[in-house]
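**Q** Encoded as structure tokens, here's the structure I'll be asking about.
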Amino acid sequence: MSENPQLTQLLDLANNYPSPHNGQPMQLRSREDGVLEAYFATERGLTATPISYLFSFVSIGVFIRHFERCAEALGHTLAVQLQLPKQEQMAGPGVLKCAEITVQYATHEPDTKLQQVIIKRQTSRKKYTAGLTADEEEQVKSIANDHDIAAEFVNTKQARQVIWLNQRAVFDDMFDPKVRAELDHWLRYSAQEKHMKKDGLAYDCMELSGAAMRFSVRHYKVLHWPVVAPLLQRYYLRTMQDDSSVGYFTSAFQTEEEAYRIGECIIDVWLMLTGHGQYLHPFGTVVSNDRAHHDFAQLVGLHNENRDKNYVVFIFRAGASAKPVESDRLPVTEHLYNQA
């Protein structure tokens, strides 16, 4: 670990960053001059769908903006020089440099409230007991607008349909060999596997039985059986038919920079809602599954959706829930930080 206690504290806090499938793809390397080089480990990213590589830049944006907020919380300031790779490079193995980060220590007073928000932020897949207030929804829209992104919320009837679309997309993805293999790689079906690997989507965090998850993935054809399928659907949906708010972002989504900006927006919204005592649950499957994505766009009246200006890039439910189970995280020195 770093010999600099301020950097050690910063890295420990930054290790709470969210990532798709809890893959934890980011790495930091410290140069002799103290500059941190940020890298994306492609083997820890998602690759199963055609748009996965562009979404990797959303993950980079989430991490670097989260790292900035962690520094802010501890009284430091970051200077970030982006050096984003090209999306086609995401298809190859290895690590790709994406930024150089200079930390200016102790530039202002630490923000202990923000520190607690960063620590508390989690995905909750539990049943939500209430949605967002009108003021919170307006704050979401304002933050998104600051990032040149449009945020909207659906009505109660549409929210139920979105939740059903999410369930359908999850089940449909089981019949796509690449997506199923990727999901099987990241699912953690037991407590032993969760604690041993310290990454991935753990059964208890998913609010599902590990045995049921494994059976559904390994014997996916039962998801279309007339009797079994409805039972599995009801089991999957039992924590999602609730009073949460369902929102979505639309944005231009052609370039690496546009995808990066979406990631910045997501973490700013997420931390704001956490500060209000609210939780968030991304519906990434609806975005990446072509049929569900199309149906969602039609549901919300986005009949002219296109990647140039108004593509649906993020769908989520948010609101109040009981505290969710915590995911395990890899230790900082095993994946996030390497002192050159």
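Within each chain, counting starts at residue 1; across the structure tokens, chains are named A, B, ... in the order shown, with ligands numbered 1 upward in that order.
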Stretch 287-293 of chain A: which residues within 8 Å, counting only C-alpha atoms, same-chain residues fewer than 6 positions away excluded, as a list in words?

**A**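 Non-adjacent residues within range: Thr49, Ile51, Ser52, Leu165, Asn166, Arg168, Ala169, Asp173, Val312, Val313, Phe314 and Ile315 of chain A.
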
**Q** Those same residues, written as an mmCIF file, in the first residue's frame with N, CA and C atoms?

**A**
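Wrote result-v4.cif, looks like this:
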data_model
loop_
_atom_site.group_PDB
_atom_site.id
_atom_site.type_symbol
_atom_site.label_atom_id
_atom_site.label_comp_id
_atom_site.auth_asym_id
_atom_site.auth_seq_id
_atom_site.Cartn_x
_atom_site.Cartn_y
_atom_site.Cartn_z
ATOM 1 N N THR A 49 -22.685 -7.847 -25.323
ATOM 2 C CA THR A 49 -23.618 -7.211 -26.252
ATOM 3 C C THR A 49 -22.866 -6.212 -27.130
ATOM 4 N N ILE A 51 -23.147 -3.173 -27.691
ATOM 5 C CA ILE A 51 -22.937 -1.830 -27.152
ATOM 6 C C ILE A 51 -22.109 -1.839 -25.862
ATOM 7 N N SER A 52 -21.703 -3.041 -25.436
ATOM 8 C CA SER A 52 -20.993 -3.167 -24.158
ATOM 9 C C SER A 52 -19.718 -2.349 -24.112
ATOM 10 N N LEU A 165 -40.646 -5.319 -17.915
ATOM 11 C CA LEU A 165 -39.685 -5.376 -19.018
ATOM 12 C C LEU A 165 -38.315 -5.838 -18.522
ATOM 13 N N ASN A 166 -37.920 -5.356 -17.351
ATOM 14 C CA ASN A 166 -36.638 -5.758 -16.783
ATOM 15 C C ASN A 166 -36.612 -7.259 -16.527
ATOM 16 N N ARG A 168 -38.475 -9.557 -18.006
ATOM 17 C CA ARG A 168 -38.494 -10.258 -19.289
ATOM 18 C C ARG A 168 -37.117 -10.249 -19.940
ATOM 19 N N ALA A 169 -36.437 -9.097 -19.853
ATOM 20 C CA ALA A 169 -35.116 -8.986 -20.458
ATOM 21 C C ALA A 169 -34.107 -9.918 -19.782
ATOM 22 N N ASP A 173 -32.337 -12.869 -21.827
ATOM 23 C CA ASP A 173 -30.885 -12.892 -21.964
ATOM 24 C C ASP A 173 -30.293 -14.270 -21.678
ATOM 25 N N VAL A 312 -31.635 6.188 -24.958
ATOM 26 C CA VAL A 312 -31.857 5.810 -23.557
ATOM 27 C C VAL A 312 -30.595 5.126 -23.042
ATOM 28 N N VAL A 313 -29.904 5.758 -22.112
ATOM 29 C CA VAL A 313 -28.600 5.268 -21.661
ATOM 30 C C VAL A 313 -28.607 4.748 -20.220
ATOM 31 N N PHE A 314 -29.657 5.052 -19.473
ATOM 32 C CA PHE A 314 -29.689 4.644 -18.064
ATOM 33 C C PHE A 314 -31.143 4.599 -17.609
ATOM 34 N N ILE A 315 -31.539 3.474 -17.012
ATOM 35 C CA ILE A 315 -32.878 3.311 -16.451
ATOM 36 C C ILE A 315 -32.695 2.812 -15.022
#

**Q** List the spatial neighbours of A:Glu326 as an MDAnalysis selection string - criterion: any atom at most 9 Å away, only C-alpha atoms, same-chain residues fewer than 5 positions off excluded.

**A** chainID A and resid 122:123 204:205

**Q** According to DSSP computed on the backbone, where in stretch 96-227 of chain A is there helix (DSSP H, G or I)? Give the residues as a ChimeraX atom specification.

**A** /A:112-120,134-146,156-173,177-186,191-197,210-218,220-224

**Q** Might you pull out every residue within 10 Å of A:Leu273, with only C-alpha atoms counted and same-chain residues fewer than 5 positions away left off, and present them as a VMD selection string?

**A** chain A and resid 117 121 132 136 to 137 139 to 140 267 to 268 278 to 280 318 to 320

**Q** Write the residues you've just listed into a file as a PDB file, in the first residue's frame, and include N, CA and C atoms for each of them.

**A**
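And here's part14.pdb as it stands now:
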ATOM      1  N   VAL A 117     -21.793   9.655   3.071  1.00  0.00           N
ATOM      2  CA  VAL A 117     -22.647   9.373   1.910  1.00  0.00           C
ATOM      3  C   VAL A 117     -21.952   8.386   0.981  1.00  0.00           C
ATOM      4  N   ARG A 121     -23.503   4.658   0.092  1.00  0.00           N
ATOM      5  CA  ARG A 121     -24.085   4.418  -1.233  1.00  0.00           C
ATOM      6  C   ARG A 121     -24.046   2.934  -1.596  1.00  0.00           C
ATOM      7  N   LEU A 132     -39.294   8.687  -4.799  1.00  0.00           N
ATOM      8  CA  LEU A 132     -38.660   9.974  -4.557  1.00  0.00           C
ATOM      9  C   LEU A 132     -39.710  11.065  -4.394  1.00  0.00           C
ATOM     10  N   GLU A 136     -36.847  15.811  -5.037  1.00  0.00           N
ATOM     11  CA  GLU A 136     -35.723  14.940  -5.377  1.00  0.00           C
ATOM     12  C   GLU A 136     -35.703  14.634  -6.873  1.00  0.00           C
ATOM     13  N   GLU A 137     -36.873  14.434  -7.458  1.00  0.00           N
ATOM     14  CA  GLU A 137     -36.922  14.200  -8.900  1.00  0.00           C
ATOM     15  C   GLU A 137     -36.417  15.421  -9.663  1.00  0.00           C
ATOM     16  N   GLN A 139     -34.232  17.542  -8.554  1.00  0.00           N
ATOM     17  CA  GLN A 139     -32.780  17.593  -8.375  1.00  0.00           C
ATOM     18  C   GLN A 139     -32.080  16.625  -9.320  1.00  0.00           C
ATOM     19  N   VAL A 140     -32.665  15.458  -9.526  1.00  0.00           N
ATOM     20  CA  VAL A 140     -32.113  14.509 -10.492  1.00  0.00           C
ATOM     21  C   VAL A 140     -32.058  15.158 -11.877  1.00  0.00           C
ATOM     22  N   ILE A 267     -23.065   8.935 -11.132  1.00  0.00           N
ATOM     23  CA  ILE A 267     -22.569   8.927  -9.756  1.00  0.00           C
ATOM     24  C   ILE A 267     -22.979  10.193  -9.016  1.00  0.00           C
ATOM     25  N   ASP A 268     -23.068  11.330  -9.701  1.00  0.00           N
ATOM     26  CA  ASP A 268     -23.521  12.553  -9.034  1.00  0.00           C
ATOM     27  C   ASP A 268     -24.973  12.412  -8.571  1.00  0.00           C
ATOM     28  N   GLN A 278     -31.961   7.872   0.220  1.00  0.00           N
ATOM     29  CA  GLN A 278     -32.625   7.049  -0.780  1.00  0.00           C
ATOM     30  C   GLN A 278     -31.648   6.063  -1.412  1.00  0.00           C
ATOM     31  N   TYR A 279     -32.213   4.988  -1.962  1.00  0.00           N
ATOM     32  CA  TYR A 279     -31.411   3.983  -2.660  1.00  0.00           C
ATOM     33  C   TYR A 279     -31.727   4.005  -4.153  1.00  0.00           C
ATOM     34  N   LEU A 280     -30.883   3.329  -4.930  1.00  0.00           N
ATOM     35  CA  LEU A 280     -31.035   3.286  -6.382  1.00  0.00           C
ATOM     36  C   LEU A 280     -30.703   1.881  -6.875  1.00  0.00           C
ATOM     37  N   ALA A 318     -35.703   4.067  -7.843  1.00  0.00           N
ATOM     38  CA  ALA A 318     -35.086   4.720  -6.691  1.00  0.00           C
ATOM     39  C   ALA A 318     -36.142   5.011  -5.634  1.00  0.00           C
ATOM     40  N   GLY A 319     -35.685   5.138  -4.407  1.00  0.00           N
ATOM     41  CA  GLY A 319     -36.590   5.445  -3.310  1.00  0.00           C
ATOM     42  C   GLY A 319     -36.073   4.889  -1.999  1.00  0.00           C
ATOM     43  N   ALA A 320     -36.994   4.667  -1.078  1.00  0.00           N
ATOM     44  CA  ALA A 320     -36.643   4.199   0.266  1.00  0.00           C
ATOM     45  C   ALA A 320     -36.771   2.683   0.347  1.00  0.00           C
TER      46      ALA A 320
END

**Q** Work out how far atom CA of A:Ala159 is from atom CA of A:Tyr128, in Å to one decimal.

**A**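 According to the coordinates, atom CA of A:Tyr128 and atom CA of A:Ala159 are separated by 12.7 Å.
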
**Q** Would you compute the distance between atom CA of A:Asn304 and atom CA of A:Ala150? Give it in Å to one decimal.

**A**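 For atom CA of A:Asn304 relative to atom CA of A:Ala150, the distance reads 14.9 Å.
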
**Q** Quick one: everything within 8 Å of stretch 186-194 of chain A, counting only C-alpha atoms, minus sequence neighbours fewer than 4 positions away in the same chain. Send it as a ChimeraX atom specification.

**A** /A:21,23,182,198-203,209-211,213-214,328

**Q** Based on the selection just made, write C-alpha atoms of those residues as a tab-separated table (two decimals), in the first residue's frame.

**A**
chain	number	residue	atom	x	y	z
A	21	HIS	CA	-21.70	-6.78	-12.24
A	23	GLY	CA	-16.53	-6.29	-11.82
A	182	GLU	CA	-20.95	-13.59	-19.05
A	198	LYS	CA	-14.98	-10.68	-3.42
A	199	ASP	CA	-16.48	-9.45	-6.68
A	200	GLY	CA	-19.42	-10.21	-8.94
A	201	LEU	CA	-23.16	-10.36	-8.32
A	202	ALA	CA	-23.74	-12.22	-5.07
A	203	TYR	CA	-26.98	-14.15	-4.56
A	209	SER	CA	-31.53	-17.94	-3.66
A	210	GLY	CA	-28.11	-18.98	-4.88
A	211	ALA	CA	-29.40	-22.44	-5.77
A	213	MET	CA	-29.93	-18.61	-9.57
A	214	ARG	CA	-27.58	-21.43	-10.51
A	328	ASP	CA	-17.76	-7.86	-0.94

**Q** One decimal, in Å: what's the spacing between atom CA of A:Pro18 and atom CA of A:Thr133?

**A**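 Separation of atom CA of A:Pro18 and atom CA of A:Thr133: 24.2 Å.
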
**Q** Which one of A:Thr274, A:Ser59, A:Thr250, A:Ser124 sits closest to A:Leu302 if you count only C-alpha atoms?

**A**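 Checking each candidate against A:Leu302, we get A:Thr250 as the closest.
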
**Q** Give me the residues within 12 Å of stretch 94-98 of chain A as a ChimeraX atom specification, counting only C-alpha atoms and dropping any in the same chain fewer than 5 places off.

**A** /A:25-29,36-45,56-57,59-61,63-64,80-89,256-257,260,335

**Q** Would you mind exporting the chosen residues as a PDB file, in the first residue's frame, restricted to C-alpha atoms?

**A**
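So the final result, stored in selection_16.pdb, reads:
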ATOM      1  CA  PRO A  25     -12.355  -2.970 -13.586  1.00  0.00           C
ATOM      2  CA  MET A  26     -10.349   0.129 -12.632  1.00  0.00           C
ATOM      3  CA  GLN A  27      -6.658   0.200 -11.728  1.00  0.00           C
ATOM      4  CA  LEU A  28      -4.426   3.017 -10.513  1.00  0.00           C
ATOM      5  CA  ARG A  29      -0.653   3.083 -10.845  1.00  0.00           C
ATOM      6  CA  LEU A  36      -1.730   8.427 -10.656  1.00  0.00           C
ATOM      7  CA  GLU A  37      -2.346   6.742 -13.991  1.00  0.00           C
ATOM      8  CA  ALA A  38      -5.850   5.265 -14.326  1.00  0.00           C
ATOM      9  CA  TYR A  39      -6.390   2.089 -16.339  1.00  0.00           C
ATOM     10  CA  PHE A  40      -9.395  -0.002 -17.376  1.00  0.00           C
ATOM     11  CA  ALA A  41      -8.931  -3.791 -17.180  1.00  0.00           C
ATOM     12  CA  THR A  42     -10.880  -5.110 -20.163  1.00  0.00           C
ATOM     13  CA  GLU A  43     -11.270  -8.630 -18.742  1.00  0.00           C
ATOM     14  CA  ARG A  44     -13.292  -7.101 -15.891  1.00  0.00           C
ATOM     15  CA  GLY A  45     -15.587  -5.189 -18.228  1.00  0.00           C
ATOM     16  CA  SER A  56     -17.220   0.648 -20.569  1.00  0.00           C
ATOM     17  CA  PHE A  57     -16.582   4.376 -20.867  1.00  0.00           C
ATOM     18  CA  SER A  59     -17.877   2.852 -16.059  1.00  0.00           C
ATOM     19  CA  ILE A  60     -14.711   4.924 -16.430  1.00  0.00           C
ATOM     20  CA  GLY A  61     -16.729   8.114 -15.958  1.00  0.00           C
ATOM     21  CA  PHE A  63     -15.036   5.787 -11.315  1.00  0.00           C
ATOM     22  CA  ILE A  64     -13.152   8.999 -12.015  1.00  0.00           C
ATOM     23  CA  VAL A  80      -7.725  14.946 -14.178  1.00  0.00           C
ATOM     24  CA  GLN A  81      -6.247  14.720 -17.658  1.00  0.00           C
ATOM     25  CA  LEU A  82      -8.388  12.312 -19.688  1.00  0.00           C
ATOM     26  CA  GLN A  83      -6.657  10.044 -22.192  1.00  0.00           C
ATOM     27  CA  LEU A  84      -9.565   7.845 -23.223  1.00  0.00           C
ATOM     28  CA  PRO A  85      -8.797   4.923 -25.527  1.00  0.00           C
ATOM     29  CA  LYS A  86     -10.964   4.060 -28.524  1.00  0.00           C
ATOM     30  CA  GLN A  87     -13.944   1.795 -27.964  1.00  0.00           C
ATOM     31  CA  GLU A  88     -12.637  -0.834 -30.409  1.00  0.00           C
ATOM     32  CA  GLN A  89      -9.637  -1.284 -28.096  1.00  0.00           C
ATOM     33  CA  GLU A 256     -16.238   7.753 -25.799  1.00  0.00           C
ATOM     34  CA  GLU A 257     -16.504  11.247 -24.312  1.00  0.00           C
ATOM     35  CA  TYR A 260     -17.837   9.090 -20.045  1.00  0.00           C
ATOM     36  CA  HIS A 335      -6.909  -4.763  -7.908  1.00  0.00           C
TER      37      HIS A 335
END
